[in-house]
Amino acid sequence: MEGLLQFVQKVRDAMEDEVIKRSYIGFYDYPAGACMDASTLLGVLLERNGFGLYQLVSASNEKGKWFSHAWLENDKYLIDITADQFNNWPEQPLAIRLADKPSHYKALTIQFRNPVLQYNNVPDLGFIGL
């Protein structure tokens with residue numbers, strides 16, 4: 001898991017770079033509002049760099065206020081590099097063992113769960129060298 005965490009942190013750090021944020025509108029206010037784009041790109045990069053296959057998960061709540069979020073999962077891990085955009089969620093590591101999935105994810109309704117592989121046409125925004 002150490003190598004995975006290091007890679008995910010490296011991608012996260014790169015997404016916070018002002019040049020990257022200005023190069024793609026989906027990252028303009030990263031991490032706020034960037035969960036789908038960031039998770040898709042991270043999933044493609046994880047697969048291209050030998051960290052396995054992931055599914056892009058999109059979920060929403062059913063409370064009076066509309067809310068949606070996206071992250072990655074495989075059979076071992078939940079990876080969420082934009083969870084810190086939510087002030088009401090507890091601080092968490094970027095990658096969590098799926099068996100330890102926090103309750104705030106369990107409270108959401110899954111809208112879709114798609115293999116990241118189907119998004120392989122995503123531009124890498126210069127991340128290919130990571």
# chains A, B, ... in the order shown; residues from 1 in each chain; ligands from 1

call {"tool": "residues_around", "arguments": {"residues": "Val57 (chain A)", "least_positions_apart": "4", "cutoff": "12 Å", "atoms": "only C-alpha atoms", "output": "VMD selection string"}}
result
chain A and resid 35 to 37 39 to 40 43 68 to 74 78 to 80 105 108 to 116

call {"tool": "residues_around", "arguments": {"residues": "Trp89 (chain A)", "least_positions_apart": "3", "cutoff": "12 Å", "atoms": "only C-alpha atoms", "output": "PDB file with N, CA, C and O atoms, in the first residue's frame"}}
result
ATOM      1  N   THR A  82     -10.302  13.986  -3.260  1.00  0.00           N
ATOM      2  CA  THR A  82     -10.986  15.268  -3.104  1.00  0.00           C
ATOM      3  C   THR A  82     -11.912  15.298  -1.887  1.00  0.00           C
ATOM      4  O   THR A  82     -12.714  16.216  -1.741  1.00  0.00           O
ATOM      5  N   ALA A  83     -11.808  14.331  -0.997  1.00  0.00           N
ATOM      6  CA  ALA A  83     -12.695  14.271   0.174  1.00  0.00           C
ATOM      7  C   ALA A  83     -12.557  15.507   1.057  1.00  0.00           C
ATOM      8  O   ALA A  83     -13.520  15.909   1.719  1.00  0.00           O
ATOM      9  N   ASP A  84     -11.381  16.123   1.047  1.00  0.00           N
ATOM     10  CA  ASP A  84     -11.158  17.283   1.916  1.00  0.00           C
ATOM     11  C   ASP A  84     -11.901  18.537   1.455  1.00  0.00           C
ATOM     12  O   ASP A  84     -11.866  19.562   2.141  1.00  0.00           O
ATOM     13  N   GLN A  85     -12.626  18.457   0.354  1.00  0.00           N
ATOM     14  CA  GLN A  85     -13.446  19.603  -0.055  1.00  0.00           C
ATOM     15  C   GLN A  85     -14.673  19.759   0.840  1.00  0.00           C
ATOM     16  O   GLN A  85     -15.309  20.805   0.835  1.00  0.00           O
ATOM     17  N   PHE A  86     -14.982  18.721   1.616  1.00  0.00           N
ATOM     18  CA  PHE A  86     -16.170  18.742   2.482  1.00  0.00           C
ATOM     19  C   PHE A  86     -15.764  19.014   3.926  1.00  0.00           C
ATOM     20  O   PHE A  86     -15.111  18.194   4.559  1.00  0.00           O
ATOM     21  N   GLN A  92      -9.284  12.163   6.462  1.00  0.00           N
ATOM     22  CA  GLN A  92      -9.020  10.760   6.152  1.00  0.00           C
ATOM     23  C   GLN A  92      -7.826  10.645   5.232  1.00  0.00           C
ATOM     24  O   GLN A  92      -7.482  11.592   4.529  1.00  0.00           O
ATOM     25  N   PRO A 102     -15.430   4.459   5.588  1.00  0.00           N
ATOM     26  CA  PRO A 102     -16.099   5.312   6.577  1.00  0.00           C
ATOM     27  C   PRO A 102     -17.610   5.404   6.356  1.00  0.00           C
ATOM     28  O   PRO A 102     -18.110   5.252   5.234  1.00  0.00           O
ATOM     29  N   SER A 103     -18.311   5.694   7.427  1.00  0.00           N
ATOM     30  CA  SER A 103     -19.782   5.715   7.384  1.00  0.00           C
ATOM     31  C   SER A 103     -20.338   6.784   6.450  1.00  0.00           C
ATOM     32  O   SER A 103     -21.426   6.605   5.899  1.00  0.00           O
ATOM     33  N   HIS A 104     -19.620   7.890   6.239  1.00  0.00           N
ATOM     34  CA  HIS A 104     -20.164   8.929   5.364  1.00  0.00           C
ATOM     35  C   HIS A 104     -20.267   8.452   3.912  1.00  0.00           C
ATOM     36  O   HIS A 104     -21.080   8.969   3.157  1.00  0.00           O
ATOM     37  N   TYR A 105     -19.472   7.473   3.501  1.00  0.00           N
ATOM     38  CA  TYR A 105     -19.627   6.886   2.166  1.00  0.00           C
ATOM     39  C   TYR A 105     -20.813   5.929   2.148  1.00  0.00           C
ATOM     40  O   TYR A 105     -21.563   5.873   1.182  1.00  0.00           O
TER      41      TYR A 105
END

call {"tool": "residues_around", "arguments": {"residues": "Lys76 (chain A)", "least_positions_apart": "2", "cutoff": "12 Å", "atoms": "only C-alpha atoms", "output": "PDB file with N, CA, C and O atoms, in the first residue's frame"}}
result
ATOM      1  N   MET A   1       0.832  -1.200   0.000  1.00  0.00           N
ATOM      2  CA  MET A   1       0.000   0.000   0.000  1.00  0.00           C
ATOM      3  C   MET A   1       0.874   1.261   0.000  1.00  0.00           C
ATOM      4  O   MET A   1       0.431   2.292  -0.467  1.00  0.00           O
ATOM      5  N   LEU A   4       1.366   2.674  -3.464  1.00  0.00           N
ATOM      6  CA  LEU A   4       0.092   3.237  -3.920  1.00  0.00           C
ATOM      7  C   LEU A   4      -0.133   4.604  -3.299  1.00  0.00           C
ATOM      8  O   LEU A   4      -0.450   5.571  -4.000  1.00  0.00           O
ATOM      9  N   PHE A  51      -0.992  -0.115 -11.020  1.00  0.00           N
ATOM     10  CA  PHE A  51      -1.606  -0.221  -9.698  1.00  0.00           C
ATOM     11  C   PHE A  51      -2.963  -0.925  -9.732  1.00  0.00           C
ATOM     12  O   PHE A  51      -3.696  -0.893  -8.747  1.00  0.00           O
ATOM     13  N   GLY A  52      -3.301  -1.536 -10.837  1.00  0.00           N
ATOM     14  CA  GLY A  52      -4.531  -2.317 -10.911  1.00  0.00           C
ATOM     15  C   GLY A  52      -5.692  -1.564 -11.537  1.00  0.00           C
ATOM     16  O   GLY A  52      -5.584  -0.404 -11.918  1.00  0.00           O
ATOM     17  N   LEU A  53      -6.799  -2.280 -11.632  1.00  0.00           N
ATOM     18  CA  LEU A  53      -8.019  -1.749 -12.223  1.00  0.00           C
ATOM     19  C   LEU A  53      -8.906  -1.163 -11.136  1.00  0.00           C
ATOM     20  O   LEU A  53      -9.020  -1.726 -10.046  1.00  0.00           O
ATOM     21  N   TYR A  54      -9.539  -0.054 -11.454  1.00  0.00           N
ATOM     22  CA  TYR A  54     -10.416   0.626 -10.503  1.00  0.00           C
ATOM     23  C   TYR A  54     -11.761   0.909 -11.136  1.00  0.00           C
ATOM     24  O   TYR A  54     -11.896   0.962 -12.354  1.00  0.00           O
ATOM     25  N   GLN A  55     -12.743   1.118 -10.266  1.00  0.00           N
ATOM     26  CA  GLN A  55     -14.063   1.548 -10.710  1.00  0.00           C
ATOM     27  C   GLN A  55     -14.280   2.981 -10.239  1.00  0.00           C
ATOM     28  O   GLN A  55     -13.908   3.341  -9.107  1.00  0.00           O
ATOM     29  N   LEU A  72     -12.767   6.487  -6.289  1.00  0.00           N
ATOM     30  CA  LEU A  72     -12.364   5.221  -6.904  1.00  0.00           C
ATOM     31  C   LEU A  72     -12.448   4.082  -5.890  1.00  0.00           C
ATOM     32  O   LEU A  72     -12.195   4.289  -4.704  1.00  0.00           O
ATOM     33  N   GLU A  73     -12.781   2.893  -6.411  1.00  0.00           N
ATOM     34  CA  GLU A  73     -12.739   1.685  -5.591  1.00  0.00           C
ATOM     35  C   GLU A  73     -12.253   0.531  -6.438  1.00  0.00           C
ATOM     36  O   GLU A  73     -12.479   0.498  -7.649  1.00  0.00           O
ATOM     37  N   ASN A  74     -11.585  -0.410  -5.781  1.00  0.00           N
ATOM     38  CA  ASN A  74     -11.351  -1.728  -6.358  1.00  0.00           C
ATOM     39  C   ASN A  74     -11.672  -2.728  -5.258  1.00  0.00           C
ATOM     40  O   ASN A  74     -12.312  -2.366  -4.266  1.00  0.00           O
ATOM     41  N   LEU A  78     -10.509   2.090  -1.279  1.00  0.00           N
ATOM     42  CA  LEU A  78     -11.293   3.257  -1.647  1.00  0.00           C
ATOM     43  C   LEU A  78     -10.280   4.392  -1.723  1.00  0.00           C
ATOM     44  O   LEU A  78      -9.523   4.603  -0.766  1.00  0.00           O
ATOM     45  N   ILE A  79     -10.223   5.088  -2.849  1.00  0.00           N
ATOM     46  CA  ILE A  79      -9.286   6.200  -3.026  1.00  0.00           C
ATOM     47  C   ILE A  79     -10.095   7.454  -3.338  1.00  0.00           C
ATOM     48  O   ILE A  79     -10.853   7.488  -4.303  1.00  0.00           O
ATOM     49  N   ALA A  95      -6.057   6.990   0.574  1.00  0.00           N
ATOM     50  CA  ALA A  95      -6.473   5.615   0.260  1.00  0.00           C
ATOM     51  C   ALA A  95      -6.825   4.909   1.563  1.00  0.00           C
ATOM     52  O   ALA A  95      -6.099   4.998   2.552  1.00  0.00           O
ATOM     53  N   ILE A  96      -7.957   4.218   1.542  1.00  0.00           N
ATOM     54  CA  ILE A  96      -8.474   3.514   2.709  1.00  0.00           C
ATOM     55  C   ILE A  96      -8.760   2.077   2.293  1.00  0.00           C
ATOM     56  O   ILE A  96      -9.275   1.835   1.192  1.00  0.00           O
ATOM     57  N   ARG A  97      -8.463   1.138   3.156  1.00  0.00           N
ATOM     58  CA  ARG A  97      -8.859  -0.243   2.867  1.00  0.00           C
ATOM     59  C   ARG A  97     -10.377  -0.282   2.778  1.00  0.00           C
ATOM     60  O   ARG A  97     -11.075   0.278   3.617  1.00  0.00           O
ATOM     61  N   LEU A  98     -10.894  -0.935   1.735  1.00  0.00           N
ATOM     62  CA  LEU A  98     -12.329  -0.973   1.495  1.00  0.00           C
ATOM     63  C   LEU A  98     -13.076  -1.525   2.709  1.00  0.00           C
ATOM     64  O   LEU A  98     -14.178  -1.071   3.024  1.00  0.00           O
ATOM     65  N   ALA A  99     -12.481  -2.465   3.416  1.00  0.00           N
ATOM     66  CA  ALA A  99     -13.105  -3.040   4.606  1.00  0.00           C
ATOM     67  C   ALA A  99     -13.309  -1.992   5.703  1.00  0.00           C
ATOM     68  O   ALA A  99     -14.155  -2.160   6.574  1.00  0.00           O
ATOM     69  N   ASP A 100     -12.548  -0.890   5.646  1.00  0.00           N
ATOM     70  CA  ASP A 100     -12.642   0.183   6.644  1.00  0.00           C
ATOM     71  C   ASP A 100     -13.385   1.407   6.100  1.00  0.00           C
ATOM     72  O   ASP A 100     -13.180   2.516   6.581  1.00  0.00           O
ATOM     73  N   LYS A 101     -14.234   1.208   5.107  1.00  0.00           N
ATOM     74  CA  LYS A 101     -14.952   2.326   4.474  1.00  0.00           C
ATOM     75  C   LYS A 101     -15.692   3.143   5.532  1.00  0.00           C
ATOM     76  O   LYS A 101     -16.493   2.606   6.292  1.00  0.00           O
TER      77      LYS A 101
END

call {"tool": "residues_around", "arguments": {"residues": "Val44 (chain A)", "least_positions_apart": "2", "cutoff": "7 Å", "atoms": "only C-alpha atoms", "output": "list in words"}}
result
Thr40, Leu41, Leu42, Leu46, Glu47, Arg48, Val116, Leu117 and Asn120 of chain A

call {"tool": "closest_residue", "arguments": {"among": "A:Tyr28, A:Lys106, A:Ala14, A:Val8", "to": "Asn61 (chain A)", "atoms": "only C-alpha atoms"}}
result
A:Lys106

call {"tool": "select_by_dssp", "arguments": {"residues": "chain A", "states": "alpha helix (DSSP H)", "output": "PyMOL selection string"}}
result
chain A and resi 2-15+18-23+35-48+103-106

call {"tool": "write_last_selection", "arguments": {"atoms": "C-alpha atoms", "output": "CSV table (one decimal), in the first residue's frame"}}
result
chain,number,residue,atom,x,y,z
A,2,GLU,CA,3.0,2.3,0.6
A,3,GLY,CA,3.8,2.6,-3.1
A,4,LEU,CA,0.1,3.2,-3.9
A,5,LEU,CA,-0.2,6.0,-1.3
A,6,GLN,CA,3.0,7.7,-2.6
A,7,PHE,CA,1.7,7.6,-6.2
A,8,VAL,CA,-1.7,8.9,-5.2
A,9,GLN,CA,-0.1,11.7,-3.1
A,10,LYS,CA,2.1,12.6,-6.1
A,11,VAL,CA,-0.9,12.9,-8.4
A,12,ARG,CA,-2.8,14.9,-5.7
A,13,ASP,CA,0.2,17.3,-5.3
A,14,ALA,CA,0.3,17.8,-9.1
A,15,MET,CA,-3.4,18.6,-9.3
A,18,GLU,CA,-1.5,26.3,-10.4
A,19,VAL,CA,-0.4,25.5,-13.9
A,20,ILE,CA,-2.5,22.3,-13.9
A,21,LYS,CA,-5.4,24.1,-12.3
A,22,ARG,CA,-5.4,26.7,-15.1
A,23,SER,CA,-4.9,24.1,-17.9
A,35,CYS,CA,-14.1,14.9,-7.8
A,36,MET,CA,-15.4,13.3,-11.0
A,37,ASP,CA,-12.6,14.6,-13.2
A,38,ALA,CA,-9.8,14.0,-10.6
A,39,SER,CA,-11.0,10.5,-9.9
A,40,THR,CA,-11.3,9.6,-13.5
A,41,LEU,CA,-7.8,10.9,-14.3
A,42,LEU,CA,-6.3,9.3,-11.2
A,43,GLY,CA,-7.9,5.9,-12.1
A,44,VAL,CA,-6.5,6.0,-15.6
A,45,LEU,CA,-3.0,6.9,-14.2
A,46,LEU,CA,-3.2,4.1,-11.6
A,47,GLU,CA,-4.0,1.6,-14.3
A,48,ARG,CA,-1.3,2.9,-16.7
A,103,SER,CA,-19.8,5.7,7.4
A,104,HIS,CA,-20.2,8.9,5.4
A,105,TYR,CA,-19.6,6.9,2.2
A,106,LYS,CA,-22.1,4.2,3.3

call {"tool": "select_by_dssp", "arguments": {"residues": "region 67-106 of chain A", "states": "strand (DSSP E)", "output": "number ranges by chain"}}
result
A: 68-73, 77-79, 95-97
